[in-house]
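Data file: target_38.txt. Format and content: compact mmCIF, C-alpha atoms.
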```
# COMPACT_ATOMS: atom_id res chain seq x y z
CA MET R 245 0.00 0.00 0.00
CA THR R 246 1.29 3.44 -0.96
CA LEU R 247 0.18 5.01 2.28
CA ASN R 248 2.15 2.52 4.34
CA SER R 249 5.44 2.98 2.51
CA ILE R 250 5.19 6.75 2.70
CA THR R 251 4.11 6.69 6.32
CA ALA R 252 7.09 4.51 7.19
CA VAL R 253 9.37 7.17 5.75
CA VAL R 254 7.63 10.04 7.53
CA ILE R 255 7.42 8.25 10.90
CA GLY R 256 11.10 7.44 10.46
CA GLY R 257 11.80 11.14 10.66
CA ASN R 258 12.57 12.00 7.06
CA ALA R 259 11.12 15.43 6.38
CA PHE R 260 8.75 15.37 3.44
CA SER R 261 10.18 18.64 2.20
CA GLY R 262 13.48 16.85 1.67
CA GLY R 263 16.95 17.59 2.91
CA ILE R 264 16.73 15.70 6.20
CA GLY R 265 16.74 11.95 6.64
CA GLY R 266 18.54 8.66 6.53
CA VAL R 267 17.98 4.98 5.86
CA ALA R 268 17.71 3.78 9.45
CA GLY R 269 14.66 6.00 10.12
CA PRO R 270 12.33 4.46 7.53
CA ILE R 271 13.37 0.97 8.63
CA MET R 272 12.36 1.80 12.20
CA GLY R 273 9.23 3.40 10.79
CA ALA R 274 8.34 0.18 8.98
CA VAL R 275 8.89 -1.82 12.18
CA THR R 276 6.65 0.60 14.09
CA LEU R 277 3.91 0.27 11.49
CA SER R 278 4.03 -3.52 11.56
CA LEU R 279 3.89 -3.41 15.37
CA LEU R 280 0.83 -1.19 15.09
CA GLN R 281 -0.86 -3.70 12.80
CA ASN R 282 0.08 -6.44 15.25
CA ILE R 283 -1.36 -4.56 18.22
CA ILE R 284 -4.58 -3.83 16.37
CA SER R 285 -4.95 -7.51 15.54
CA PHE R 286 -4.42 -8.56 19.15
CA ALA R 287 -6.49 -5.79 20.76
CA HIS R 288 -9.73 -7.46 19.62
CA ILE R 289 -10.79 -4.42 17.67
CA ASN R 290 -13.86 -5.10 15.58
CA THR R 291 -12.85 -5.86 12.00
CA TRP R 292 -15.03 -3.02 10.73
CA TRP R 293 -13.05 -0.51 12.78
CA GLU R 294 -9.61 -1.81 11.90
CA THR R 295 -8.93 0.39 8.85
CA LEU R 296 -10.33 3.49 10.55
CA VAL R 297 -8.30 2.99 13.74
CA LYS R 298 -5.12 2.30 11.81
CA ALA R 299 -5.51 5.28 9.48
CA THR R 300 -6.41 7.58 12.39
CA ILE R 301 -3.33 6.52 14.33
CA ILE R 302 -1.20 7.16 11.26
CA VAL R 303 -2.71 10.62 10.68
CA VAL R 304 -2.25 11.53 14.35
CA ALA R 305 1.35 10.31 14.15
CA LEU R 306 1.89 12.48 11.10
CA ALA R 307 0.29 15.44 12.85
CA ALA R 308 2.28 14.99 16.07
CA PRO R 309 5.39 16.95 15.03
CA GLY R 310 3.19 19.83 13.89
CA ILE R 311 1.21 19.83 17.15
CA ILE R 312 4.41 19.75 19.22
CA ASN R 313 5.76 22.63 17.14
CA LEU R 314 2.62 24.67 17.73
CA ILE R 315 2.76 24.10 21.51
CA ARG R 316 6.44 25.02 21.60
CA ARG R 317 5.78 28.21 19.70
CA ARG R 318 2.97 29.12 22.13
CA ARG R 319 5.32 28.74 25.09
CA ALA R 320 8.19 30.64 23.54
CA MET U 25 11.68 32.48 -29.27
CA ARG U 26 8.03 31.43 -29.10
CA ARG U 27 6.90 31.02 -32.66
CA PHE U 28 3.31 30.12 -32.01
CA SER U 29 1.46 29.29 -28.90
CA ILE U 30 -1.88 27.65 -28.33
CA SER U 31 -3.54 27.56 -24.96
CA PRO U 32 -3.63 24.11 -23.34
CA PRO U 33 -7.45 23.89 -23.03
CA VAL U 34 -7.79 24.53 -26.77
CA ALA U 35 -4.97 22.10 -27.54
CA ALA U 36 -6.64 19.42 -25.42
CA LEU U 37 -10.01 20.00 -27.12
CA ILE U 38 -8.46 19.83 -30.59
CA LEU U 39 -6.72 16.61 -29.58
CA ALA U 40 -10.06 15.23 -28.42
CA VAL U 41 -11.81 16.13 -31.68
CA ILE U 42 -9.01 14.66 -33.83
CA LEU U 43 -8.97 11.46 -31.78
CA PHE U 44 -12.72 11.17 -32.03
CA LEU U 45 -12.68 11.66 -35.82
CA LEU U 46 -9.85 9.15 -36.18
CA SER U 47 -11.77 6.65 -34.08
CA GLY U 48 -14.32 6.46 -36.92
CA PHE U 49 -11.81 4.34 -38.80
CA LEU U 50 -11.83 1.64 -36.13
CA PRO U 51 -13.50 -1.53 -37.37
CA ASN U 52 -16.19 -1.67 -34.69
CA SER U 53 -16.77 2.07 -34.34
CA TYR U 54 -19.45 4.35 -35.75
CA GLY U 55 -18.11 4.30 -39.35
CA THR U 56 -19.93 6.80 -41.56
CA ASP U 57 -23.16 7.05 -39.61
CA VAL U 58 -23.41 10.66 -38.36
CA GLN U 59 -26.33 9.88 -36.06
CA VAL U 60 -24.39 7.17 -34.26
CA ALA U 61 -21.30 9.36 -34.13
CA MET U 62 -23.27 12.16 -32.44
CA ALA U 63 -24.76 9.72 -29.97
CA GLN U 64 -21.34 8.37 -29.15
CA ALA U 65 -19.89 11.86 -28.73
CA THR U 66 -22.72 12.80 -26.35
CA ASN U 67 -22.15 9.64 -24.42
CA ILE U 68 -18.45 10.34 -23.99
CA VAL U 69 -19.14 13.89 -22.77
CA ARG U 70 -21.73 12.50 -20.36
CA LEU U 71 -19.16 10.12 -18.91
CA ALA U 72 -16.63 12.96 -18.71
CA VAL U 73 -18.99 14.98 -16.49
CA PHE U 74 -18.24 12.96 -13.36
CA LEU U 75 -14.50 13.03 -13.86
CA GLY U 76 -14.78 16.75 -14.61
CA VAL U 77 -16.70 17.58 -11.45
CA ILE U 78 -14.41 15.49 -9.26
CA ALA U 79 -11.40 17.15 -10.91
CA ALA U 80 -12.82 20.61 -10.09
CA GLY U 81 -11.73 20.37 -6.48
CA GLN U 82 -8.41 19.00 -7.61
CA THR U 83 -7.98 22.06 -9.88
CA LEU U 84 -8.48 24.44 -6.97
CA VAL U 85 -6.06 22.58 -4.73
CA ILE U 86 -3.40 22.30 -7.44
CA ILE U 87 -3.69 26.01 -8.33
CA SER U 88 -3.13 26.85 -4.66
CA GLY U 89 0.45 25.63 -5.09
CA SER U 90 3.13 24.50 -2.62
CA GLU U 91 2.76 20.82 -3.57
CA GLY U 92 -1.02 21.10 -3.27
CA ILE U 93 -2.80 17.90 -4.20
CA ASP U 94 -5.90 16.11 -2.97
CA LEU U 95 -5.40 12.37 -2.77
CA SER U 96 -8.49 11.94 -0.61
CA ALA U 97 -10.82 12.87 -3.50
CA GLY U 98 -11.43 9.25 -4.51
CA SER U 99 -12.45 8.13 -1.03
CA VAL U 100 -14.58 11.23 -0.48
CA VAL U 101 -16.44 10.45 -3.71
CA THR U 102 -17.11 6.90 -2.53
CA LEU U 103 -18.21 8.08 0.92
CA THR U 104 -20.59 10.74 -0.36
CA ALA U 105 -22.00 8.42 -3.02
CA ILE U 106 -22.74 5.83 -0.32
CA LEU U 107 -24.20 8.46 2.03
CA THR U 108 -26.46 9.77 -0.74
CA TYR U 109 -27.54 6.23 -1.51
CA ILE U 110 -28.39 5.47 2.12
CA VAL U 111 -30.05 8.80 2.98
CA VAL U 112 -32.13 9.20 -0.16
CA ASN U 113 -33.38 5.61 -0.15
CA GLY U 114 -35.70 6.11 -3.08
CA ALA U 115 -37.49 9.19 -1.75
CA ASN U 116 -37.59 12.24 -4.01
CA GLU U 117 -38.06 14.73 -1.17
CA LYS U 118 -34.86 13.59 0.54
CA VAL U 119 -32.63 14.46 -2.41
CA LEU U 120 -32.04 18.08 -1.40
CA PRO U 121 -31.20 17.34 2.26
CA ALA U 122 -28.91 14.55 1.03
CA LEU U 123 -27.13 16.94 -1.33
CA LEU U 124 -26.62 19.50 1.44
CA MET U 125 -25.39 16.84 3.83
CA VAL U 126 -23.01 15.43 1.24
CA LEU U 127 -21.57 18.89 0.55
CA ALA U 128 -21.16 19.47 4.30
CA VAL U 129 -19.43 16.12 4.83
CA GLY U 130 -17.09 16.76 1.91
CA ALA U 131 -16.31 20.26 3.16
CA LEU U 132 -15.65 18.94 6.66
CA ILE U 133 -13.16 16.35 5.39
CA GLY U 134 -11.56 19.04 3.26
CA LEU U 135 -11.39 21.34 6.27
CA VAL U 136 -9.57 18.70 8.30
CA ASN U 137 -7.13 18.36 5.39
CA GLY U 138 -6.70 22.12 5.32
CA VAL U 139 -6.12 22.38 9.07
CA GLY U 140 -3.49 19.65 8.95
CA ILE U 141 -1.74 21.26 6.02
CA THR U 142 -1.82 24.91 7.12
CA PHE U 143 -1.50 24.68 10.90
CA LEU U 144 0.38 21.42 11.44
CA LYS U 145 2.55 21.88 8.33
CA ILE U 146 1.97 18.35 7.09
CA SER U 147 2.75 17.97 3.41
CA PRO U 148 -0.53 17.98 1.38
CA PHE U 149 0.51 14.73 -0.27
CA VAL U 150 0.87 12.89 3.05
CA MET U 151 -2.08 14.58 4.77
CA THR U 152 -4.61 13.85 2.05
CA LEU U 153 -3.29 10.33 1.59
CA GLY U 154 -3.78 9.78 5.33
CA MET U 155 -7.27 11.26 5.14
CA ALA U 156 -8.03 8.89 2.26
CA GLY U 157 -7.20 6.03 4.63
CA VAL U 158 -9.38 7.48 7.40
CA VAL U 159 -12.31 8.01 5.03
CA THR U 160 -11.96 4.48 3.64
CA GLY U 161 -12.02 3.23 7.23
CA ALA U 162 -15.12 5.33 7.95
CA ILE U 163 -16.82 3.86 4.88
CA ILE U 164 -16.22 0.34 6.18
CA VAL U 165 -17.53 1.31 9.64
CA ILE U 166 -20.67 2.91 8.19
CA THR U 167 -21.54 0.22 5.67
CA HIS U 168 -20.10 -2.93 7.24
CA GLY U 169 -19.23 -3.88 3.70
CA ASN U 170 -22.73 -3.95 2.36
CA VAL U 171 -24.88 -1.01 1.41
CA THR U 172 -28.65 -0.90 1.39
CA GLY U 173 -30.43 2.04 -0.15
CA LYS U 174 -31.87 3.32 -3.36
CA VAL U 175 -31.47 6.24 -5.70
CA ALA U 176 -34.47 8.56 -6.04
CA PRO U 177 -36.17 8.58 -9.44
CA ILE U 178 -35.75 12.36 -9.69
CA MET U 179 -31.94 12.03 -9.52
CA THR U 180 -31.85 9.58 -12.41
CA ARG U 181 -34.28 11.82 -14.27
CA LEU U 182 -32.11 14.92 -13.82
CA ILE U 183 -28.69 13.35 -14.26
CA ALA U 184 -28.80 10.31 -16.47
CA ARG U 185 -31.75 10.95 -18.80
CA PRO U 186 -31.86 13.44 -21.70
CA VAL U 187 -33.20 16.92 -20.91
CA SER U 188 -36.29 16.35 -23.03
CA PRO U 189 -37.21 13.76 -25.66
CA SER U 190 -36.48 16.21 -28.49
CA ILE U 191 -33.09 17.33 -27.10
CA PRO U 192 -30.81 14.31 -26.74
CA ILE U 193 -28.45 16.03 -24.29
CA PRO U 194 -28.21 14.31 -20.90
CA GLY U 195 -29.04 16.42 -17.88
CA ALA U 196 -25.58 15.83 -16.46
CA VAL U 197 -24.01 17.75 -19.35
CA VAL U 198 -26.25 20.75 -18.68
CA ILE U 199 -25.39 20.58 -14.99
CA TRP U 200 -21.72 20.45 -15.96
CA LEU U 201 -21.96 23.54 -18.17
CA ILE U 202 -23.62 25.54 -15.38
CA PHE U 203 -21.06 24.16 -12.97
CA GLY U 204 -18.24 25.17 -15.31
CA LEU U 205 -19.62 28.70 -15.53
CA LEU U 206 -19.78 28.93 -11.73
CA MET U 207 -16.20 27.62 -11.44
CA TRP U 208 -15.05 30.25 -13.97
CA LEU U 209 -16.81 32.97 -11.96
CA LEU U 210 -15.20 31.67 -8.79
CA LEU U 211 -11.70 31.57 -10.26
CA GLU U 212 -11.71 34.71 -12.38
CA ARG U 213 -14.31 37.05 -10.94
CA THR U 214 -14.06 36.75 -7.18
CA THR U 215 -11.56 37.95 -4.59
CA PHE U 216 -11.12 34.36 -3.50
CA GLY U 217 -10.08 33.37 -7.02
CA LYS U 218 -7.51 36.14 -7.25
CA HIS U 219 -6.14 35.24 -3.82
CA LEU U 220 -5.97 31.59 -4.85
CA PHE U 221 -3.81 32.37 -7.87
CA ALA U 222 -1.73 34.76 -5.75
CA ILE U 223 -0.87 32.13 -3.13
CA GLY U 224 -0.22 29.65 -5.93
CA VAL U 225 2.45 31.82 -7.51
CA ASN U 226 4.28 32.81 -4.36
CA ARG U 227 3.04 32.60 -0.78
CA ILE U 228 5.48 35.15 0.60
CA THR U 229 4.60 37.85 -1.91
CA ALA U 230 0.94 37.00 -1.38
CA THR U 231 1.29 37.48 2.37
CA LEU U 232 3.16 40.74 1.87
CA SER U 233 0.43 41.91 -0.50
CA GLY U 234 -2.15 41.43 2.22
CA VAL U 235 -3.65 38.08 1.20
CA ASN U 236 -4.78 35.96 4.12
CA VAL U 237 -2.87 32.85 3.05
CA THR U 238 -4.08 30.66 5.92
CA LEU U 239 -7.75 31.42 5.31
CA THR U 240 -7.47 31.05 1.54
CA ASN U 241 -5.77 27.69 1.97
CA LEU U 242 -8.43 26.45 4.40
CA VAL U 243 -11.25 27.56 2.10
CA THR U 244 -9.52 25.94 -0.88
CA TYR U 245 -9.28 22.53 0.75
CA SER U 246 -12.82 22.73 2.14
CA LEU U 247 -14.16 23.65 -1.29
CA ALA U 248 -12.18 20.81 -2.86
CA GLY U 249 -13.76 18.37 -0.40
CA ALA U 250 -17.25 19.75 -1.04
CA LEU U 251 -16.76 19.52 -4.81
CA ALA U 252 -15.57 15.93 -4.53
CA GLY U 253 -18.73 15.32 -2.47
CA PHE U 254 -20.84 16.84 -5.22
CA GLY U 255 -19.06 14.58 -7.70
CA GLY U 256 -20.03 11.57 -5.62
CA PHE U 257 -23.64 12.74 -5.55
CA LEU U 258 -23.73 13.09 -9.35
CA LEU U 259 -21.95 9.77 -9.82
CA VAL U 260 -24.45 7.80 -7.78
CA GLY U 261 -27.27 9.58 -9.61
CA ASN U 262 -25.86 8.26 -12.86
CA THR U 263 -24.89 4.73 -11.90
CA GLY U 264 -27.83 4.09 -9.60
CA VAL U 265 -25.77 1.61 -7.58
CA VAL U 266 -22.79 1.97 -5.29
CA HIS U 267 -19.90 -0.22 -4.32
CA LEU U 268 -16.96 0.32 -2.00
CA GLN U 269 -14.50 1.13 -4.80
CA LEU U 270 -16.75 3.54 -6.69
CA GLY U 271 -14.61 6.66 -6.39
CA GLN U 272 -11.09 5.26 -6.24
CA PRO U 273 -10.71 4.81 -10.04
CA PHE U 274 -11.34 8.57 -10.42
CA LEU U 275 -8.40 9.65 -8.28
CA PHE U 276 -5.54 9.38 -10.76
CA PRO U 277 -7.58 10.57 -13.77
CA SER U 278 -8.76 13.61 -11.78
CA ILE U 279 -5.15 14.71 -11.31
CA ALA U 280 -4.35 13.81 -14.90
CA ALA U 281 -7.31 15.82 -16.22
CA VAL U 282 -6.03 18.90 -14.38
CA ALA U 283 -2.54 18.42 -15.83
CA VAL U 284 -3.83 17.75 -19.35
CA GLY U 285 -5.88 20.94 -19.12
CA GLY U 286 -2.69 22.93 -18.78
CA THR U 287 -2.89 23.78 -15.09
CA LEU U 288 0.64 23.97 -13.74
CA LEU U 289 1.14 21.25 -11.14
CA SER U 290 3.37 23.70 -9.27
CA GLY U 291 0.40 26.04 -8.91
CA GLY U 292 -0.51 29.60 -9.74
CA LYS U 293 -1.70 29.05 -13.27
CA GLY U 294 -4.63 27.19 -14.71
CA SER U 295 -8.31 27.22 -15.50
CA TYR U 296 -11.35 25.06 -15.05
CA TRP U 297 -12.06 25.10 -18.80
CA GLY U 298 -8.74 23.28 -19.20
CA THR U 299 -9.77 20.67 -16.66
CA MET U 300 -13.06 20.16 -18.48
CA ALA U 301 -11.20 19.64 -21.76
CA GLY U 302 -8.77 17.33 -19.97
CA ALA U 303 -11.62 15.27 -18.54
CA ILE U 304 -13.11 14.88 -22.02
CA VAL U 305 -9.74 13.85 -23.50
CA LEU U 306 -9.10 11.25 -20.81
CA THR U 307 -12.61 9.81 -21.01
CA LEU U 308 -12.33 9.71 -24.79
CA ILE U 309 -8.99 7.88 -24.73
CA THR U 310 -10.31 5.35 -22.20
CA SER U 311 -13.45 4.77 -24.24
CA LEU U 312 -11.50 4.43 -27.50
CA LEU U 313 -9.16 1.88 -25.98
CA THR U 314 -12.18 0.00 -24.67
CA THR U 315 -13.67 0.05 -28.17
CA MET U 316 -10.39 -1.34 -29.47
CA GLN U 317 -10.75 -4.09 -26.84
CA MET U 318 -7.45 -3.27 -25.19
CA PRO U 319 -6.86 -4.86 -21.79
CA GLU U 320 -6.80 -2.69 -18.66
CA SER U 321 -2.99 -2.83 -18.53
CA VAL U 322 -2.61 -1.29 -22.00
CA ARG U 323 -5.18 1.38 -21.13
CA ARG U 324 -3.21 2.43 -18.11
CA MET U 325 0.02 2.54 -20.09
CA VAL U 326 -1.54 4.68 -22.83
CA LEU U 327 -3.11 7.05 -20.29
CA GLY U 328 0.20 7.43 -18.46
CA ALA U 329 2.10 8.00 -21.68
CA THR U 330 -0.43 10.61 -22.88
CA LEU U 331 -0.07 12.44 -19.61
CA LEU U 332 3.72 12.44 -19.84
CA ILE U 333 3.73 13.66 -23.45
CA LEU U 334 1.20 16.45 -22.83
CA ILE U 335 2.91 17.67 -19.66
CA SER U 336 6.30 17.71 -21.34
CA ILE U 337 4.81 19.78 -24.20
CA TYR U 338 3.21 22.24 -21.77
CA GLY U 339 6.41 22.31 -19.75
CA ARG U 340 8.18 23.91 -22.70
CA GLN U 341 6.12 27.04 -22.21
CA ARG U 342 7.59 29.88 -20.22
CA SER U 343 7.31 29.07 -16.55
CA LEU U 344 5.76 31.50 -14.11
CA ARG U 345 8.55 31.41 -11.60
CA LEU U 346 12.13 30.47 -12.13
```

Final structure tokens representation of the file:
Amino acid sequence: MTLNSITAVVIGGNAFSGGIGGVAGPIMGAVTLSLLQNIISFAHINTWWETLVKATIIVVALAAPGIINLIRRRRA
Amino acid sequence: MRRFSISPPVAALILAVILFLLSGFLPNSYGTDVQVAMAQATNIVRLAVFLGVIAAGQTLVIISGSEGIDLSAGSVVTLTAILTYIVVNGANEKVLPALLMVLAVGALIGLVNGVGITFLKISPFVMTLGMAGVVTGAIIVITHGNVTGKVAPIMTRLIARPVSPSIPIPGAVVIWLIFGLLMWLLLERTTFGKHLFAIGVNRITATLSGVNVTLTNLVTYSLAGALAGFGGFLLVGNTGVVHLQLGQPFLFPSIAAVAVGGTLLSGGKGSYWGTMAGAIVLTLITSLLTTMQMPESVRRMVLGATLLILISIYGRQRSLRL
């Protein structure tokens, strides 16, 4: 899935604007994603909710750096 | 050093006409029968309507620049088509509330996209792709994989059937023309349109010129979502049935239609007329290849190649920014 491969890169810390990043990050990102899938399978989440939960977690993960940035800027 | 120049929408339309005329030579095509040829042309334009409307939101987002793209359009189309199907459930009087609800849902999804992109600085590509996943998940939660509902007769009457027995133009085409006029007004004759092009060319100069970049961006993404929602509404009115992959096949062509219509993918330049022409060209090519009984794989290759060739031709024009 396209989303998964891209998410792995972004979770791994490579900035989407380019210029920052490495190979180890995406690998860890891929491991994290697979763990997520594993947890969802074992958490007895209803099958219908699986895609939604997974995608929401991914979007929140993608949004996290931005949210942290916003909070930091508020404090500064 | 520009010897002659021809605007991309016109070029795309000419290409469409030439292709259509050439298609008469195909063994199982219309041949010399003008009546059949007209019918086939109408049919192709009717099919292009849905791609065109879905690509409208894409046009706005792409004009807004800074990597703007809406990858959630396909899922939004599916979601709104399913919602329309469930809410309307065969009742004529529920069509208007359904339309309003569908527009609101689309706009809401677009707004979430916009918030993520403008405030949280997530790349549009990643944000909308993520939203596409969320919306797909929501579809599964809502439908549990099987949809029960019905399209109202009035929708089929307005969208799929000809305007009147004497005029063989489908209602969808008329809706599209009005829609195109509104899109032109929005892009060329409103403050929002001017601001949209301004932020597409250069956000810093736009900010310095007093354009509210954040607000314009939010409105753009919300509008894009709402337009994709409208596309879903029209689509279900035409097909009369829904399935869980209804909108997904429109995602890539909707971006391609924008590009074929001469809208710069880097933003700041473009028109909805171009997108309309692009939608017609893409629908025409797909339908021709189907007539030639080409397999899906060949169709995709030809579509991709067409896109590459057209973009590389347009790319030779003077760019807006260096």

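Neighbours of region 287-301 of chain R closer than or equal to 6 Å, with all atoms listed in the file counted and sequence neighbours fewer than 6 positions away skipped, come out as Gly157, Val158, Gly161, Ala162, Ile164 and Val165 of chain U.
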
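Proximity of R:Gly265, R:Ile250, R:Gly257, R:Arg317 to chain U, computed with all atoms listed in the file, is greatest for R:Ile250.
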
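Counting all atoms listed in the file, every residue of chain U that comes within 8 Å of chain R is listed here: Gly140, Phe143, Leu144, Lys145, Ile146, Ser147, Val150, Met151, Leu153, Gly154, Met155, Gly157, Val158, Val159, Thr160, Gly161, Ala162, Ile164, Val165 and His168 of chain U.
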
Could you save those same residues with C-alpha atoms as a short mmCIF file (atom, residue, chain, number, x, y, z; two decimals), in the frame of the given file?
```
data_model
loop_
_atom_site.label_atom_id
_atom_site.label_comp_id
_atom_site.auth_asym_id
_atom_site.auth_seq_id
_atom_site.Cartn_x
_atom_site.Cartn_y
_atom_site.Cartn_z
CA GLY U 140 -3.49 19.65 8.95
CA PHE U 143 -1.50 24.68 10.90
CA LEU U 144 0.38 21.42 11.44
CA LYS U 145 2.55 21.88 8.33
CA ILE U 146 1.97 18.35 7.09
CA SER U 147 2.75 17.97 3.41
CA VAL U 150 0.87 12.89 3.05
CA MET U 151 -2.08 14.58 4.77
CA LEU U 153 -3.29 10.33 1.59
CA GLY U 154 -3.78 9.78 5.33
CA MET U 155 -7.27 11.26 5.14
CA GLY U 157 -7.20 6.03 4.63
CA VAL U 158 -9.38 7.48 7.40
CA VAL U 159 -12.31 8.01 5.03
CA THR U 160 -11.96 4.48 3.64
CA GLY U 161 -12.02 3.23 7.23
CA ALA U 162 -15.12 5.33 7.95
CA ILE U 164 -16.22 0.34 6.18
CA VAL U 165 -17.53 1.31 9.64
CA HIS U 168 -20.10 -2.93 7.24
#
```

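Straight-line separation from CA of Gly249 (chain U) to CA of Val198 (chain U): 22.3 Å.
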
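Near region 300-303 of chain U, within 6 Å and counting only C-alpha atoms, sit Pro33, Ala36, Leu37, Ala72, Leu75, Gly76, Ala281, Val284, Gly285, Trp297, Gly298, Val305 and Leu306 of chain U; same-chain residues fewer than 2 positions away were not included.
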
Those same residues, written as an mmCIF file, in the coordinates of the input with C-alpha atoms?
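Saved as out05.cif:
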```
data_model
loop_
_atom_site.group_PDB
_atom_site.id
_atom_site.type_symbol
_atom_site.label_atom_id
_atom_site.label_comp_id
_atom_site.auth_asym_id
_atom_site.auth_seq_id
_atom_site.Cartn_x
_atom_site.Cartn_y
_atom_site.Cartn_z
ATOM 1 C CA PRO U 33 -7.450 23.890 -23.030
ATOM 2 C CA ALA U 36 -6.640 19.420 -25.420
ATOM 3 C CA LEU U 37 -10.010 20.000 -27.120
ATOM 4 C CA ALA U 72 -16.630 12.960 -18.710
ATOM 5 C CA LEU U 75 -14.500 13.030 -13.860
ATOM 6 C CA GLY U 76 -14.780 16.750 -14.610
ATOM 7 C CA ALA U 281 -7.310 15.820 -16.220
ATOM 8 C CA VAL U 284 -3.830 17.750 -19.350
ATOM 9 C CA GLY U 285 -5.880 20.940 -19.120
ATOM 10 C CA TRP U 297 -12.060 25.100 -18.800
ATOM 11 C CA GLY U 298 -8.740 23.280 -19.200
ATOM 12 C CA VAL U 305 -9.740 13.850 -23.500
ATOM 13 C CA LEU U 306 -9.100 11.250 -20.810
#
```

Would you please work out which residue, of U:Ala252, U:Ile193, U:Leu210, U:Ala40, is nearest to Val100 (chain U) when using all atoms listed in the file?
U:Ala252

Centre, x/y/z edge lengths, axis-aligned box for region 301-308 of chain R with 6 Å per side, as lines of an AutoDock Vina configuration file:
```
center_x = -0.5
center_y = 11.0
center_z = 13.4
size_x = 17.6
size_y = 20.9
size_z = 17.4
```

Show me the residues around (-2.8, 34.0, -6.6) - criterion: an atom at most 12 Å away, all atoms listed in the file counted - as number ranges by chain.
U: 84, 86-90, 211-212, 214-231, 233-237, 240-241, 244, 291-294, 344

Between CA of Val85 (chain U) and CA of Gly253 (chain U), what is the distance, to one decimal in Å?
14.8 Å

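Between CA of Asn113 (chain U) and CA of Thr180 (chain U) the separation is 13.0 Å.
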
Can you list, as a ChimeraX atom specification, every protein, DNA or RNA residue that comes within 10 Å of Val126 (chain U) when you count all atoms listed in the file, leaving out same-chain residues fewer than 6 positions away?
/U:100-101,103-108,111,120,132,249-257

Quick one: everything within 9 Å of Ile199 (chain U), counting all atoms listed in the file, minus sequence neighbours fewer than 3 positions away in the same chain. Send it as a short mmCIF file (atom, residue, chain, number, x, y, z; two decimals) with C-alpha atoms, keeping the file's coordinate frame.
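Just written: part-v5.cif:
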```cif
data_model
loop_
_atom_site.label_atom_id
_atom_site.label_comp_id
_atom_site.auth_asym_id
_atom_site.auth_seq_id
_atom_site.Cartn_x
_atom_site.Cartn_y
_atom_site.Cartn_z
CA VAL U 73 -18.99 14.98 -16.49
CA LEU U 182 -32.11 14.92 -13.82
CA ILE U 183 -28.69 13.35 -14.26
CA GLY U 195 -29.04 16.42 -17.88
CA ALA U 196 -25.58 15.83 -16.46
CA ILE U 202 -23.62 25.54 -15.38
CA PHE U 203 -21.06 24.16 -12.97
CA GLY U 204 -18.24 25.17 -15.31
#
```

Pick out the closest residue to Gln82 (chain U) from this set: U:Ala65, U:Ala280, U:Val119, U:Ile178. Count only C-alpha atoms.
U:Ala280
